[in-house]
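A quick write-up on the structure given underneath.
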Amino acid sequence: MSDESVHVAMFPSAGMGHLTPFLRLATLFLNNNCKLTLIIPFPTVTHAESQLLSHFHSSFPQINLIPFHLPPPPSPPISGDPMFLRVKTLRESTHLLPPLITSLSPPLSIFISDIFLVTPLLSITQKLSIPNYTLFTSSASMFSFVSNFPTLAHSKFDLSDEIHIPGIPFSPLPYSSMPPILFQPTLFRDFIMEDSPNLTKLDGFFLNTFEALESHSLKAFSDGKVVKDMPPLYPVGPFLPLEVEGEASSPPLISWLNDQAIGSVVYVCFGSRTALRRDQMREIGFGLLRSGYNFLWVVKDKIVDKEDEEIGLEEVLGVELVERMKEKGLVVKEWVDQTKILSHKSVGGFVSHCGWNSIMEAALNGVPILGWPQHSDQKINAGLVEFSGWGVWNKSWGWGGECVVKGEEIGDAIKEIMDNELLKVKAMEIKEGARKAISVGGDCEFIMLVLCNPSLLLKKKKFILLEDDEDEEEDHPSSFHRQTFQLSDSNCYGLQSIVLHLAGNLTGEVIAL
């Protein structure tokens, strides 16, 4: 790798839901011949994060992994969500970053951080004259909400109100779909209130999404209908899973799936941060039995896996229910390779909390979703899945913990997604759009090509996308000549804005597409 390579530094926050997309994005840059530095906060909150980082570092030794050691927690410890407490510590520790950043060689071309770290890092990157980008780890629809949140926060709503949010295709949304954590005095609300006004000061945003799923939201941002003067959004998803993510998975899971009929298994998982009430988990067990389908269920009793490992299934679900479920399914209390499960031919449906990583993994594999949002962005994500036609969402179930949904309802809802042929057809259409976005000549390849090869824009006065080889020009850069980018009218606007934005930051003349 030459010294002229683009040097990218990435700085994630806390939790598997944020770490995983950062590592996946890192490999995209690596595959485009960039030099990569990962600045990783230590210690991690969970064992799963530590294990993933260890496997990742072993598999990608060419990536420079630098530990960012955080100060010890206060004594006595503060009560609250361990993930948000970690983010708070990170925000208060960013002043330690400049010496680390300036010591990197070659100098940084791009700095990419988590959405929770916008304001504390802004003054640092401005002072060091480093282009500052954010990886937003949820949907473009949710980004529309976050971008508009300061306005929403100062408005008064009744519980019966419907709220219009520019950029969300299924807007207006009922007030009940708004994340409660943002309308209460919480650390999360404080972060968003401080950071949202500074979003327009960044250089751009990477999103783990794709045109076929979120064209409405992406176009609304590009047209300035969400927030005026918002920097470009780069839809570079869906991120492909890394092989290292599955190294800790239990082989018996796949062996069990291999023994099941095609499309006969419902997979149940509520993510790495959702610990359900035990009475609700027992009702899920009854519902799975009622559905009549085979099932693979990942149970989580505590938010932090270090605490969860100490508790057995029998204590959580009861001995009798555990025994009954052995006849129809497999119940585990361990970290699993979710992508490997969702890609298995025996899996025909997914009961999900609608965390964004889970939705993207289901999209990649064409698996219909029964949405059961638990917190934060998940009702907006569930609304997008329902709007797109490849999942259902029972809104009467509320947020996680608001009520106990009975097993009869759960079982009937599972049968609905497993038996619904229209959902299956639409899920396969979503899969096709997802695969096209990350295939050769897709949006992701083009975006990464331009970002990682800025010299291509400097070598010529005219930037052309070839529809076919007949449009060949002698002075066309060879790397572009070898690629054919098929751009439809619906997605061309996003790529135009990317080229024009990058051109504006470079010396040389570039004519629009």
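Numbering starts fresh at 1 for the residues of each chain in the structure tokens, the chains themselves are lettered A, B, ... in the order given, and ligands are numbered from 1 as they appear.
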Rows by chain and residue number, range 221-280 of chain A within 10 Å of range 12-30 of chain A, shortest pair, only C-alpha atoms, as a Markdown table:
```
| residue | atom | partner | partner_atom | distance |
| --- | --- | --- | --- | --- |
| A:Val236 | CA | A:Leu25 | CA | 8.4 |
| A:Gly237 | CA | A:Leu25 | CA | 8.9 |
| A:Pro238 | CA | A:Pro21 | CA | 9.7 |
| A:Phe239 | CA | A:Arg24 | CA | 6.1 |
| A:Leu240 | CA | A:Arg24 | CA | 6.7 |
| A:Pro241 | CA | A:Arg24 | CA | 6.7 |
| A:Leu242 | CA | A:Arg24 | CA | 6.7 |
| A:Glu245 | CA | A:Thr20 | CA | 8.5 |
| A:Gly271 | CA | A:Gly17 | CA | 8.3 |
| A:Ser272 | CA | A:Met16 | CA | 6.7 |
| A:Arg273 | CA | A:Gly15 | CA | 8.0 |
```
Pull the closest atom pair for each residue of range 340-394 of chain A that gets at most 10 Å from range 280-303 of chain A, along with the distance in Å to one decimal, counting only C-alpha atoms, ordering rows by chain and then ascending residue number, as CSV.
```
residue,atom,partner,partner_atom,distance
A:Ile341,CA,A:Leu296,CA,9.1
A:Ser346,CA,A:Asn294,CA,9.6
A:Val347,CA,A:Phe295,CA,8.7
A:Gly348,CA,A:Tyr293,CA,9.9
A:Gly349,CA,A:Phe295,CA,9.5
A:Phe350,CA,A:Leu296,CA,9.7
A:Val351,CA,A:Trp297,CA,9.2
```
**OP:** Write out as a VMD selection string all residues of range 370-407 of chain A that backbone DSSP assigns to helix (DSSP H, G or I).
**Re:** chain A and resid 378 to 388 395 to 397 407
Contact check, range 305-390 of chain A to range 252-268 of chain A, at most 10 Å, counting only C-alpha atoms, closest pairs as JSON lines:
```
{"residue": "A:Lys328", "atom": "CA", "partner": "A:Val265", "partner_atom": "CA", "distance": 9.6}
{"residue": "A:Gly329", "atom": "CA", "partner": "A:Val265", "partner_atom": "CA", "distance": 8.5}
{"residue": "A:Leu330", "atom": "CA", "partner": "A:Leu253", "partner_atom": "CA", "distance": 8.0}
{"residue": "A:Val331", "atom": "CA", "partner": "A:Val268", "partner_atom": "CA", "distance": 9.4}
{"residue": "A:Val332", "atom": "CA", "partner": "A:Leu253", "partner_atom": "CA", "distance": 9.0}
{"residue": "A:Val336", "atom": "CA", "partner": "A:Leu253", "partner_atom": "CA", "distance": 8.6}
{"residue": "A:Asp337", "atom": "CA", "partner": "A:Leu253", "partner_atom": "CA", "distance": 9.5}
{"residue": "A:Gln338", "atom": "CA", "partner": "A:Tyr267", "partner_atom": "CA", "distance": 9.4}
{"residue": "A:Lys340", "atom": "CA", "partner": "A:Ile254", "partner_atom": "CA", "distance": 8.2}
{"residue": "A:Ile341", "atom": "CA", "partner": "A:Ile254", "partner_atom": "CA", "distance": 7.4}
{"residue": "A:Leu342", "atom": "CA", "partner": "A:Tyr267", "partner_atom": "CA", "distance": 7.8}
{"residue": "A:His344", "atom": "CA", "partner": "A:Leu257", "partner_atom": "CA", "distance": 7.4}
{"residue": "A:Lys345", "atom": "CA", "partner": "A:Ile262", "partner_atom": "CA", "distance": 5.4}
{"residue": "A:Ser346", "atom": "CA", "partner": "A:Ile262", "partner_atom": "CA", "distance": 4.0}
{"residue": "A:Val347", "atom": "CA", "partner": "A:Val265", "partner_atom": "CA", "distance": 4.6}
{"residue": "A:Gly348", "atom": "CA", "partner": "A:Gly263", "partner_atom": "CA", "distance": 4.0}
{"residue": "A:Gly349", "atom": "CA", "partner": "A:Val266", "partner_atom": "CA", "distance": 4.8}
{"residue": "A:Phe350", "atom": "CA", "partner": "A:Tyr267", "partner_atom": "CA", "distance": 4.8}
{"residue": "A:Val351", "atom": "CA", "partner": "A:Val268", "partner_atom": "CA", "distance": 4.7}
{"residue": "A:Ser352", "atom": "CA", "partner": "A:Val268", "partner_atom": "CA", "distance": 6.4}
{"residue": "A:His353", "atom": "CA", "partner": "A:Val268", "partner_atom": "CA", "distance": 9.2}
{"residue": "A:Val367", "atom": "CA", "partner": "A:Gly263", "partner_atom": "CA", "distance": 9.5}
{"residue": "A:Pro368", "atom": "CA", "partner": "A:Val266", "partner_atom": "CA", "distance": 9.9}
{"residue": "A:Ile369", "atom": "CA", "partner": "A:Tyr267", "partner_atom": "CA", "distance": 9.7}
{"residue": "A:Leu370", "atom": "CA", "partner": "A:Val268", "partner_atom": "CA", "distance": 9.4}
```
**OP:** Give me the residues within 9 Å of range 431-441 of chain A as a PyMOL selection string, counting only C-alpha atoms and dropping any in the same chain fewer than 4 places off.
**Re:** chain A and resi 209-213+236-240+360+362-367+426-427+445-446+483-487
Original post:
Tell me, which residues of range 60-294 of chain A carry DSSP strand (DSSP E or B), written as an MDAnalysis selection string?
Top reply: chainID A and resid 64:69 110:114 132:136 162:163 173:174 204:207 233:235 265:269 294
Subject >> 8 Å contact set for Leu218 in chain A, only C-alpha atoms, chain neighbours under 4 positions out, as a ChimeraX atom specification >> reply: /A:140,167,211,214,222,233,494
Original post:
Given the choices A:Ala48, A:Cys34, A:Leu202, A:Leu321, which gets closest to Leu121 in chain A if the distance is worked out from only C-alpha atoms?
Top reply: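 Ranked by minimum distance to Leu121 in chain A, first place goes to A:Leu202.
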Original post:
So which residues touch Ile110 in chain A within 9 Å, counting only C-alpha atoms, skipping near sequence neighbours fewer than 2 positions away, as an NGL selection string?
Top reply: :A and (6-10 or 108 or 112 or 130-133)
File of the preceding selection, N, CA and C atoms, as a CSV table (one decimal), in the first residue's frame:
```
chain,number,residue,atom,x,y,z
A,6,VAL,N,-5.5,6.7,0.6
A,6,VAL,CA,-6.4,7.4,1.5
A,6,VAL,C,-6.3,6.7,2.9
A,7,HIS,N,-6.1,7.5,3.9
A,7,HIS,CA,-6.0,7.0,5.3
A,7,HIS,C,-7.2,7.3,6.0
A,8,VAL,N,-7.9,6.2,6.4
A,8,VAL,CA,-9.2,6.4,7.1
A,8,VAL,C,-9.1,5.9,8.6
A,9,ALA,N,-9.5,6.8,9.5
A,9,ALA,CA,-9.6,6.4,10.9
A,9,ALA,C,-11.0,6.3,11.3
A,10,MET,N,-11.4,5.3,12.1
A,10,MET,CA,-12.7,5.1,12.5
A,10,MET,C,-12.8,4.9,14.0
A,108,LEU,N,-4.3,11.7,8.3
A,108,LEU,CA,-5.6,11.2,8.0
A,108,LEU,C,-6.2,11.9,6.8
A,112,ILE,N,-14.0,9.0,10.7
A,112,ILE,CA,-15.4,8.5,10.7
A,112,ILE,C,-15.7,8.1,12.2
A,130,ILE,N,-9.3,17.9,9.4
A,130,ILE,CA,-9.5,16.5,8.9
A,130,ILE,C,-11.0,16.4,8.5
A,131,PRO,N,-11.3,16.0,7.3
A,131,PRO,CA,-12.7,15.8,7.0
A,131,PRO,C,-13.4,14.8,7.9
A,132,ASN,N,-14.6,15.2,8.4
A,132,ASN,CA,-15.3,14.6,9.5
A,132,ASN,C,-16.6,14.0,9.0
A,133,TYR,N,-16.7,12.6,9.1
A,133,TYR,CA,-17.8,11.9,8.7
A,133,TYR,C,-18.4,11.1,9.8
```
Subject >> Residue with smallest distance to Gly398 in chain A - pool A:Leu96, A:Leu449, A:Met178, A:Val385, counting only C-alpha atoms >> reply: A:Met178
Original post:
Of the candidates A:Leu97, A:Met230, A:Ile63, A:Ile124, which one gets nearest to Thr37 in chain A if we count only C-alpha atoms?
Top reply: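 Result for the nearest residue to Thr37 in chain A: A:Ile63.
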**OP:** Please provide as a list in words all residues within 8 Å of Phe68 in chain A, with the sequence filter that same-chain residues fewer than 5 positions apart are discarded (counting only C-alpha atoms).
**Re:**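 Non-adjacent residues within range: Ile39, Ile40, Pro41 and Phe42 of chain A.
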Please produce a file of those selected residues containing C-alpha atoms, as an mmCIF file, in the first residue's frame.
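This went into selection00.cif:
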```cif
data_model
loop_
_atom_site.group_PDB
_atom_site.id
_atom_site.type_symbol
_atom_site.label_atom_id
_atom_site.label_comp_id
_atom_site.auth_asym_id
_atom_site.auth_seq_id
_atom_site.Cartn_x
_atom_site.Cartn_y
_atom_site.Cartn_z
ATOM 1 C CA ILE A 39 -9.492 3.541 17.446
ATOM 2 C CA ILE A 40 -11.273 1.218 19.865
ATOM 3 C CA PRO A 41 -12.493 2.252 23.332
ATOM 4 C CA PHE A 42 -11.324 -0.115 26.070
#
```
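For the pair CA of Pro373 in chain A and CA of Val404 in chain A, the interatomic distance is 13.5 Å.
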